[in-house]
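Raw contents of entry.cif, mmCIF, C-alpha atoms:
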data_query
loop_
_atom_site.group_PDB
_atom_site.id
_atom_site.type_symbol
_atom_site.label_atom_id
_atom_site.label_comp_id
_atom_site.auth_asym_id
_atom_site.auth_seq_id
_atom_site.Cartn_x
_atom_site.Cartn_y
_atom_site.Cartn_z
ATOM 1 C CA MET A 1 117.389 194.249 78.923
ATOM 2 C CA GLU A 2 115.019 197.026 77.951
ATOM 3 C CA GLY A 3 112.656 196.390 75.041
ATOM 4 C CA ARG A 4 112.730 192.633 75.490
ATOM 5 C CA GLN A 5 110.197 190.698 77.503
ATOM 6 C CA GLY A 6 111.682 187.996 79.813
ATOM 7 C CA ILE A 7 110.311 184.441 79.926
ATOM 8 C CA ASP A 8 109.120 185.020 83.465
ATOM 9 C CA ASP A 9 107.012 187.841 82.203
ATOM 10 C CA LEU A 10 105.250 185.437 79.795
ATOM 11 C CA LEU A 11 104.179 183.005 82.562
ATOM 12 C CA PRO A 12 101.056 183.583 84.566
ATOM 13 C CA ALA A 13 101.711 184.933 88.018
ATOM 14 C CA ASP A 14 100.631 181.643 89.703
ATOM 15 C CA ALA A 15 102.450 179.226 87.335
ATOM 16 C CA CYS A 16 105.017 178.059 89.864
ATOM 17 C CA SER A 17 102.413 177.348 92.464
ATOM 18 C CA ARG A 18 100.245 175.077 90.311
ATOM 19 C CA PRO A 19 100.192 171.371 91.358
ATOM 20 C CA ALA A 20 101.940 168.875 89.089
ATOM 21 C CA VAL A 21 98.792 166.685 88.954
ATOM 22 C CA ASP A 22 95.304 167.904 88.518
ATOM 23 C CA PRO A 23 93.619 167.288 91.895
ATOM 24 C CA ALA A 24 90.583 165.938 90.057
ATOM 25 C CA LEU A 25 92.732 163.098 88.534
ATOM 26 C CA GLU A 26 95.071 162.374 91.433
ATOM 27 C CA GLY A 27 95.106 158.707 92.418
ATOM 28 C CA LYS A 28 93.049 157.644 89.423
ATOM 29 C CA PRO A 29 94.251 155.494 86.489
ATOM 30 C CA ILE A 30 95.180 157.279 83.304
ATOM 31 C CA GLY A 31 94.145 154.352 81.102
ATOM 32 C CA PRO A 32 92.923 150.704 81.117
ATOM 33 C CA VAL A 33 94.375 148.833 84.093
ATOM 34 C CA TRP A 34 94.919 145.032 84.469
ATOM 35 C CA SER A 35 93.769 143.472 87.712
ATOM 36 C CA ALA A 36 94.317 139.902 88.895
ATOM 37 C CA PRO A 37 91.280 137.628 89.096
ATOM 38 C CA PRO A 38 90.189 136.500 92.552
ATOM 39 C CA ALA A 39 92.487 133.778 93.886
ATOM 40 C CA PRO A 40 90.882 130.353 94.303
ATOM 41 C CA PRO A 41 90.831 128.984 97.848
ATOM 42 C CA VAL A 42 94.107 127.374 98.893
ATOM 43 C CA ARG A 43 93.737 123.630 99.344
ATOM 44 C CA HIS A 44 95.789 122.485 102.327
ATOM 45 C CA GLY A 45 95.765 118.740 102.940
ATOM 46 C CA LEU A 46 92.502 118.227 101.065
ATOM 47 C CA LEU A 47 91.669 115.288 98.879
ATOM 48 C CA THR A 48 88.746 115.451 96.492
ATOM 49 C CA GLU A 49 86.120 112.767 96.896
ATOM 50 C CA ALA A 50 86.709 110.639 93.822
ATOM 51 C CA PRO A 51 84.399 107.795 92.825
ATOM 52 C CA ARG A 52 86.359 105.629 90.407
ATOM 53 C CA THR A 53 83.717 106.193 87.729
ATOM 54 C CA ASP A 54 84.117 109.996 87.808
ATOM 55 C CA LYS A 55 87.185 110.768 85.691
ATOM 56 C CA SER A 56 87.114 114.505 86.496
ATOM 57 C CA ALA A 57 87.115 113.826 90.235
ATOM 58 C CA VAL A 58 89.905 111.235 89.873
ATOM 59 C CA ALA A 59 91.982 113.762 87.895
ATOM 60 C CA GLN A 60 91.510 116.356 90.633
ATOM 61 C CA GLN A 61 92.439 113.838 93.314
ATOM 62 C CA ILE A 62 95.643 112.991 91.421
ATOM 63 C CA CYS A 63 96.462 116.735 91.492
ATOM 64 C CA ASP A 64 95.662 116.835 95.215
ATOM 65 C CA VAL A 65 98.019 113.932 95.933
ATOM 66 C CA MET A 66 100.805 115.466 93.849
ATOM 67 C CA ARG A 67 100.384 118.759 95.706
ATOM 68 C CA LEU A 68 100.614 116.974 99.065
ATOM 69 C CA MET A 69 103.751 115.171 97.915
ATOM 70 C CA TYR A 70 105.268 118.497 96.840
ATOM 71 C CA GLN A 71 104.394 120.138 100.161
ATOM 72 C CA HIS A 72 106.008 117.255 102.072
ATOM 73 C CA GLU A 73 109.131 117.353 99.862
ATOM 74 C CA PHE A 74 108.504 113.908 98.442
ATOM 75 C CA VAL A 75 108.893 115.490 94.994
ATOM 76 C CA VAL A 76 110.290 118.685 93.467
ATOM 77 C CA ALA A 77 109.890 120.246 90.025
ATOM 78 C CA ASN A 78 108.919 117.548 87.491
ATOM 79 C CA ASP A 79 109.688 114.628 89.828
ATOM 80 C CA GLY A 80 107.329 111.802 90.645
ATOM 81 C CA ASN A 81 104.122 110.508 89.138
ATOM 82 C CA VAL A 82 100.739 109.280 90.304
ATOM 83 C CA SER A 83 98.104 107.101 88.674
ATOM 84 C CA ALA A 84 94.708 105.579 89.365
ATOM 85 C CA ARG A 85 93.019 102.622 87.688
ATOM 86 C CA LEU A 86 89.505 103.066 86.319
ATOM 87 C CA PRO A 87 86.849 100.317 86.478
ATOM 88 C CA ASN A 88 87.355 99.562 82.764
ATOM 89 C CA GLY A 89 91.073 98.929 83.332
ATOM 90 C CA ASN A 90 92.265 102.208 81.828
ATOM 91 C CA ILE A 91 94.734 104.330 83.769
ATOM 92 C CA MET A 92 94.555 108.019 84.696
ATOM 93 C CA ILE A 93 98.147 109.245 85.052
ATOM 94 C CA THR A 94 100.222 112.414 85.216
ATOM 95 C CA ALA A 95 101.511 113.979 82.008
ATOM 96 C CA SER A 96 105.209 114.249 81.211
ATOM 97 C CA GLY A 97 107.216 117.331 82.137
ATOM 98 C CA VAL A 98 104.706 119.181 84.335
ATOM 99 C CA LEU A 99 105.422 120.853 87.675
ATOM 100 C CA LYS A 100 103.866 118.281 89.960
ATOM 101 C CA GLY A 101 103.197 120.610 92.893
ATOM 102 C CA PHE A 102 101.065 122.886 90.714
ATOM 103 C CA MET A 103 99.236 120.397 88.518
ATOM 104 C CA THR A 104 95.779 121.018 87.133
ATOM 105 C CA PRO A 105 93.316 118.304 86.044
ATOM 106 C CA ASP A 106 93.947 118.986 82.350
ATOM 107 C CA GLN A 107 97.498 117.652 82.924
ATOM 108 C CA VAL A 108 96.155 114.205 83.785
ATOM 109 C CA ILE A 109 95.925 111.780 80.853
ATOM 110 C CA GLU A 110 93.805 108.693 80.327
ATOM 111 C CA CYS A 111 95.731 105.667 79.026
ATOM 112 C CA ASP A 112 94.838 102.154 78.030
ATOM 113 C CA PRO A 113 95.929 99.302 80.363
ATOM 114 C CA ASP A 114 99.300 99.153 78.577
ATOM 115 C CA GLY A 115 100.048 102.821 79.302
ATOM 116 C CA LYS A 116 99.355 104.289 75.854
ATOM 117 C CA ALA A 117 97.645 107.694 75.946
ATOM 118 C CA LEU A 118 94.200 107.686 74.356
ATOM 119 C CA ASP A 119 94.605 111.266 73.081
ATOM 120 C CA GLY A 120 98.185 110.968 71.834
ATOM 121 C CA ARG A 121 99.767 113.142 74.528
ATOM 122 C CA ARG A 122 102.979 112.204 76.332
ATOM 123 C CA VAL A 123 102.440 110.499 79.648
ATOM 124 C CA THR A 124 105.165 110.247 82.274
ATOM 125 C CA THR A 125 108.145 108.260 81.052
ATOM 126 C CA GLU A 126 107.741 105.966 84.061
ATOM 127 C CA VAL A 127 104.318 104.706 83.061
ATOM 128 C CA LYS A 128 105.918 101.247 82.634
ATOM 129 C CA MET A 129 106.317 101.058 86.400
ATOM 130 C CA HIS A 130 102.623 101.792 86.964
ATOM 131 C CA VAL A 131 101.544 99.256 84.346
ATOM 132 C CA ALA A 132 103.722 96.583 86.000
ATOM 133 C CA ALA A 133 102.144 97.269 89.401
ATOM 134 C CA TYR A 134 98.622 96.932 88.023
ATOM 135 C CA GLN A 135 99.533 93.755 86.156
ATOM 136 C CA GLU A 136 100.998 92.159 89.272
ATOM 137 C CA ARG A 137 98.215 93.242 91.607
ATOM 138 C CA PRO A 138 94.580 93.129 90.430
ATOM 139 C CA ASP A 139 93.616 94.503 93.859
ATOM 140 C CA VAL A 140 95.591 97.738 93.378
ATOM 141 C CA GLY A 141 93.652 100.877 92.450
ATOM 142 C CA ALA A 142 96.418 103.482 92.589
ATOM 143 C CA VAL A 143 100.200 103.883 92.348
ATOM 144 C CA VAL A 144 102.236 106.715 93.862
ATOM 145 C CA HIS A 145 105.898 107.335 93.050
ATOM 146 C CA GLY A 146 108.096 109.988 94.632
ATOM 147 C CA HIS A 147 111.639 110.776 95.732
ATOM 148 C CA PRO A 148 111.371 111.271 99.530
ATOM 149 C CA ILE A 149 114.688 112.577 100.828
ATOM 150 C CA TYR A 150 115.436 110.271 103.768
ATOM 151 C CA ALA A 151 114.256 107.050 102.147
ATOM 152 C CA VAL A 152 116.353 107.689 99.037
ATOM 153 C CA ALA A 153 119.339 108.732 101.167
ATOM 154 C CA PHE A 154 119.285 105.370 102.961
ATOM 155 C CA SER A 155 119.505 103.575 99.624
ATOM 156 C CA LEU A 156 122.413 105.805 98.561
ATOM 157 C CA ALA A 157 124.217 104.907 101.771
ATOM 158 C CA GLY A 158 123.525 101.209 101.219
ATOM 159 C CA ILE A 159 121.462 100.877 104.398
ATOM 160 C CA SER A 160 118.303 98.773 104.306
ATOM 161 C CA LEU A 161 115.064 99.938 105.924
ATOM 162 C CA ALA A 162 113.746 96.364 105.969
ATOM 163 C CA GLU A 163 114.720 95.765 109.599
ATOM 164 C CA CYS A 164 111.834 94.883 111.897
ATOM 165 C CA THR A 165 112.100 97.898 114.194
ATOM 166 C CA ILE A 166 108.788 99.809 114.185
ATOM 167 C CA PRO A 167 105.705 97.867 115.357
ATOM 168 C CA GLU A 168 103.209 99.885 113.291
ATOM 169 C CA ILE A 169 105.077 99.120 110.076
ATOM 170 C CA ILE A 170 105.401 95.418 110.949
ATOM 171 C CA VAL A 171 101.650 95.136 111.542
ATOM 172 C CA THR A 172 100.554 97.117 108.490
ATOM 173 C CA MET A 173 103.049 96.690 105.639
ATOM 174 C CA GLY A 174 105.560 94.249 107.126
ATOM 175 C CA SER A 175 108.920 95.641 106.073
ATOM 176 C CA ILE A 176 110.224 98.233 103.626
ATOM 177 C CA PRO A 177 112.527 96.450 101.156
ATOM 178 C CA THR A 178 114.927 98.043 98.673
ATOM 179 C CA ALA A 179 114.938 96.862 95.057
ATOM 180 C CA PRO A 180 118.325 96.679 93.283
ATOM 181 C CA TYR A 181 119.299 99.629 91.113
ATOM 182 C CA ALA A 182 117.895 99.755 87.585
ATOM 183 C CA THR A 183 117.982 102.520 84.993
ATOM 184 C CA PRO A 184 114.890 104.738 85.386
ATOM 185 C CA SER A 185 112.394 104.851 82.501
ATOM 186 C CA THR A 186 113.611 101.485 81.126
ATOM 187 C CA TYR A 187 111.912 98.106 81.398
ATOM 188 C CA ASP A 188 114.664 96.969 83.772
ATOM 189 C CA LEU A 189 113.150 99.089 86.521
ATOM 190 C CA PRO A 190 109.563 97.703 86.504
ATOM 191 C CA ASP A 191 110.865 94.176 85.961
ATOM 192 C CA GLY A 192 112.982 94.548 89.099
ATOM 193 C CA LEU A 193 109.997 95.861 91.070
ATOM 194 C CA ARG A 194 107.568 93.091 90.197
ATOM 195 C CA PRO A 195 108.631 90.522 92.838
ATOM 196 C CA PHE A 196 108.542 93.177 95.574
ATOM 197 C CA LEU A 197 105.133 94.554 94.581
ATOM 198 C CA ARG A 198 103.721 91.048 94.301
ATOM 199 C CA ASP A 199 103.965 90.590 98.071
ATOM 200 C CA GLY A 200 104.075 94.140 99.447
ATOM 201 C CA ASP A 201 102.707 97.649 99.078
ATOM 202 C CA ALA A 202 105.886 99.745 99.349
ATOM 203 C CA VAL A 203 109.399 99.424 97.955
ATOM 204 C CA ILE A 204 112.417 101.710 97.780
ATOM 205 C CA MET A 205 114.159 101.778 94.414
ATOM 206 C CA GLU A 206 117.891 102.007 95.015
ATOM 207 C CA ARG A 207 119.223 105.484 94.162
ATOM 208 C CA HIS A 208 115.920 106.551 92.667
ATOM 209 C CA GLY A 209 112.781 106.780 94.780
ATOM 210 C CA VAL A 210 109.853 104.999 96.369
ATOM 211 C CA VAL A 211 106.807 103.265 94.896
ATOM 212 C CA CYS A 212 103.669 102.661 96.952
ATOM 213 C CA VAL A 213 100.449 100.994 95.865
ATOM 214 C CA GLY A 214 97.025 100.960 97.451
ATOM 215 C CA SER A 215 93.337 100.368 97.035
ATOM 216 C CA ASP A 216 92.905 104.031 96.094
ATOM 217 C CA LEU A 217 94.990 107.195 95.785
ATOM 218 C CA PHE A 218 94.760 108.135 99.450
ATOM 219 C CA ASP A 219 95.743 104.631 100.560
ATOM 220 C CA ALA A 220 98.815 104.653 98.292
ATOM 221 C CA TYR A 221 99.810 108.187 99.359
ATOM 222 C CA LYS A 222 99.418 107.286 103.044
ATOM 223 C CA LYS A 223 101.989 104.521 102.621
ATOM 224 C CA MET A 224 104.439 106.980 101.061
ATOM 225 C CA GLU A 225 104.179 109.088 104.220
ATOM 226 C CA MET A 226 104.736 105.987 106.348
ATOM 227 C CA VAL A 227 107.880 105.022 104.426
ATOM 228 C CA GLU A 228 109.442 108.473 104.789
ATOM 229 C CA HIS A 229 108.421 108.723 108.447
ATOM 230 C CA THR A 230 110.127 105.381 109.092
ATOM 231 C CA ALA A 231 113.252 106.643 107.332
ATOM 232 C CA LYS A 232 113.318 109.798 109.461
ATOM 233 C CA ILE A 233 112.860 107.869 112.716
ATOM 234 C CA THR A 234 115.568 105.391 111.714
ATOM 235 C CA HIS A 235 117.950 108.191 110.778
ATOM 236 C CA ALA A 236 117.395 109.905 114.136
ATOM 237 C CA ALA A 237 117.881 106.627 116.011
ATOM 238 C CA ARG A 238 121.117 105.819 114.167
ATOM 239 C CA THR A 239 122.566 109.212 115.111
ATOM 240 C CA LEU A 240 121.908 108.375 118.780
ATOM 241 C CA GLY A 241 123.222 104.832 118.849
ATOM 242 C CA VAL A 242 122.732 101.289 117.630
ATOM 243 C CA VAL A 243 119.288 100.412 116.269
ATOM 244 C CA ARG A 244 118.166 97.071 117.645
ATOM 245 C CA PRO A 245 115.507 95.176 115.686
ATOM 246 C CA ILE A 246 112.621 93.415 117.374
ATOM 247 C CA ALA A 247 113.401 89.732 117.995
ATOM 248 C CA PRO A 248 111.583 87.151 115.828
ATOM 249 C CA PRO A 249 109.120 86.074 118.576
ATOM 250 C CA GLY A 250 108.125 89.698 119.022
ATOM 251 C CA VAL A 251 107.692 90.149 115.276
ATOM 252 C CA GLN A 252 105.493 87.051 115.086
ATOM 253 C CA ALA A 253 103.385 88.333 117.993
ATOM 254 C CA LEU A 254 102.820 91.584 116.100
ATOM 255 C CA LEU A 255 101.855 89.703 112.948
ATOM 256 C CA ASP A 256 99.380 87.657 114.986
ATOM 257 C CA THR A 257 97.545 90.856 115.980
ATOM 258 C CA ARG A 258 96.601 91.578 112.378
ATOM 259 C CA LYS A 259 93.642 89.218 112.471
ATOM 260 C CA SER A 260 92.248 90.575 115.731
ATOM 261 C CA LEU A 261 92.646 94.128 114.441
ATOM 262 C CA GLY A 262 90.872 93.295 111.211
ATOM 263 C CA ILE A 263 93.878 94.205 109.040
ATOM 264 C CA ARG A 264 93.796 92.310 105.760
ATOM 265 C CA THR A 265 96.132 94.382 103.605
ATOM 266 C CA LYS A 266 99.234 92.923 101.962
ATOM 267 C CA ASN A 267 102.059 92.265 104.369
ATOM 268 C CA ASN A 268 105.368 91.069 102.934
ATOM 269 C CA LEU A 269 106.429 89.473 106.223
ATOM 270 C CA CYS A 270 103.350 87.265 106.151
ATOM 271 C CA GLU A 271 103.679 86.650 102.416
ATOM 272 C CA GLY A 272 107.437 86.291 102.295
ATOM 273 C CA CYS A 273 110.165 85.826 104.861
ATOM 274 C CA GLY A 274 108.013 85.695 107.976
ATOM 275 C CA ALA A 275 109.804 86.697 111.158
ATOM 276 C CA ARG A 276 113.258 85.510 110.211
ATOM 277 C CA GLU A 277 116.295 87.662 110.982
ATOM 278 C CA VAL A 278 117.275 88.271 107.373
ATOM 279 C CA CYS A 279 116.125 91.828 106.857
ATOM 280 C CA ALA A 280 119.052 93.562 108.540
ATOM 281 C CA ALA A 281 121.560 92.657 105.831
ATOM 282 C CA PRO A 282 123.233 95.733 104.280
ATOM 283 C CA LEU A 283 122.476 96.539 100.676
ATOM 284 C CA TYR A 284 126.187 96.544 99.852
ATOM 285 C CA PRO A 285 127.801 93.822 102.006
ATOM 286 C CA ASP A 286 131.602 94.008 102.253
#
What is this file in structure tokens?
Amino acid sequence: MEGRQGIDDLLPADACSRPAVDPALEGKPIGPVWSAPPAPPVRHGLLTEAPRTDKSAVAQQICDVMRLMYQHEFVVANDGNVSARLPNGNIMITASGVLKGFMTPDQVIECDPDGKALDGRRVTTEVKMHVAAYQERPDVGAVVHGHPIYAVAFSLAGISLAECTIPEIIVTMGSIPTAPYATPSTYDLPDGLRPFLRDGDAVIMERHGVVCVGSDLFDAYKKMEMVEHTAKITHAARTLGVVRPIAPPGVQALLDTRKSLGIRTKNNLCEGCGAREVCAAPLYPD
């Protein structure tokens, strides 16, 4: 229309060809930008050296053990708990309600020998179990509790892992008994564990989990691995056929090797039933 200037006439001749972003600013931030801090090194299968007098190192080692248990599927989410006994009798133990596979040392709490937190925080509800283990065994320096899948599954199915089938277990720990069911977090549970922990270092708690004790955290954790490995081997064997236990003379011969091998750890076959054929009884006899 004559006499009126169109909008195109108001734009500079090169307006359509201009870039949307100023080349001088392209690829650069337009304001303050958050960046993640450098990631700490990933700790795979490492355990911190932990003299019993160094509380910080013990706390880190507890975190290391919990991480290993998480990686091996012995625990998930808030499951499980780990403790270590200090030279003064106090207990370093995991806090309540924390993700155990991602624990940090500030989530470890120091308690008195009766399991009461010195700083008022909430320790794991199963501290009673740890206290009972330390009361029964002055030689124990650490307690590890988890829910390994195969070991717990055997207790759900009513099948005992106490048969004398694997030589390495017979020589080291003896057998792997199962304690009768008791309500978790109550005094019934530690009271039911006491007779088993008195003579042995590992026990399955029916429908609940596994408790292992040792001279230190690594020793107790190692036994947890041994219990679950035994459960896996036994499960595989039972899918292939009948599992035949070692005859009593063979069990006694294995027990006799302990002295020559220099093994002086607790062994519930030596302390308890010996090489008698009583361990194969089902948990739930018909």
Would you list the contacts of His229 (chain A) as a ChimeraX atom specification, taking every protein, DNA or RNA residue within 9 Å and counting all atoms listed in the file, but skipping same-chain residues closer than 4 positions in sequence? /A:150-151,224-225,233-234
Residue by residue, what does the PyMOL selection byres ((chain A and resi 83) around 6) grab here? Present the result as a PyMOL selection string. chain A and resi 82+84+92-93+142-143
What is the distance between CA of Pro167 (chain A) and CA of Asp199 (chain A), in Å to one decimal?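 These two atoms are separated by 18.8 Å.
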Which polymer residues have any atom within 6 Å of an atom of Gly101 (chain A), counting all atoms listed in the file, with same-chain residues fewer than 3 positions away left out, as a list in words? Met66, Arg67 and Tyr70 of chain A
Å distance separating CA of Thr230 (chain A) from CA of Ile204 (chain A), one decimal place: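 It comes out at 12.1 Å.
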Explicit residue set for the PyMOL selection byres ((chain A and resi 127-132) around 8), as a PyMOL selection string: chain A and resi 83+93+113-115+123-126+133-136+143+185-187+189-191+193-194
Write the residues you've just listed into a file as a compact mmCIF listing (two decimals), keeping the file's coordinate frame, and include C-alpha atoms for each of them.
# COMPACT_ATOMS: atom_id res chain seq x y z
CA SER A 83 98.10 107.10 88.67
CA ILE A 93 98.15 109.24 85.05
CA PRO A 113 95.93 99.30 80.36
CA ASP A 114 99.30 99.15 78.58
CA GLY A 115 100.05 102.82 79.30
CA VAL A 123 102.44 110.50 79.65
CA THR A 124 105.16 110.25 82.27
CA THR A 125 108.14 108.26 81.05
CA GLU A 126 107.74 105.97 84.06
CA ALA A 133 102.14 97.27 89.40
CA TYR A 134 98.62 96.93 88.02
CA GLN A 135 99.53 93.76 86.16
CA GLU A 136 101.00 92.16 89.27
CA VAL A 143 100.20 103.88 92.35
CA SER A 185 112.39 104.85 82.50
CA THR A 186 113.61 101.48 81.13
CA TYR A 187 111.91 98.11 81.40
CA LEU A 189 113.15 99.09 86.52
CA PRO A 190 109.56 97.70 86.50
CA ASP A 191 110.86 94.18 85.96
CA LEU A 193 110.00 95.86 91.07
CA ARG A 194 107.57 93.09 90.20
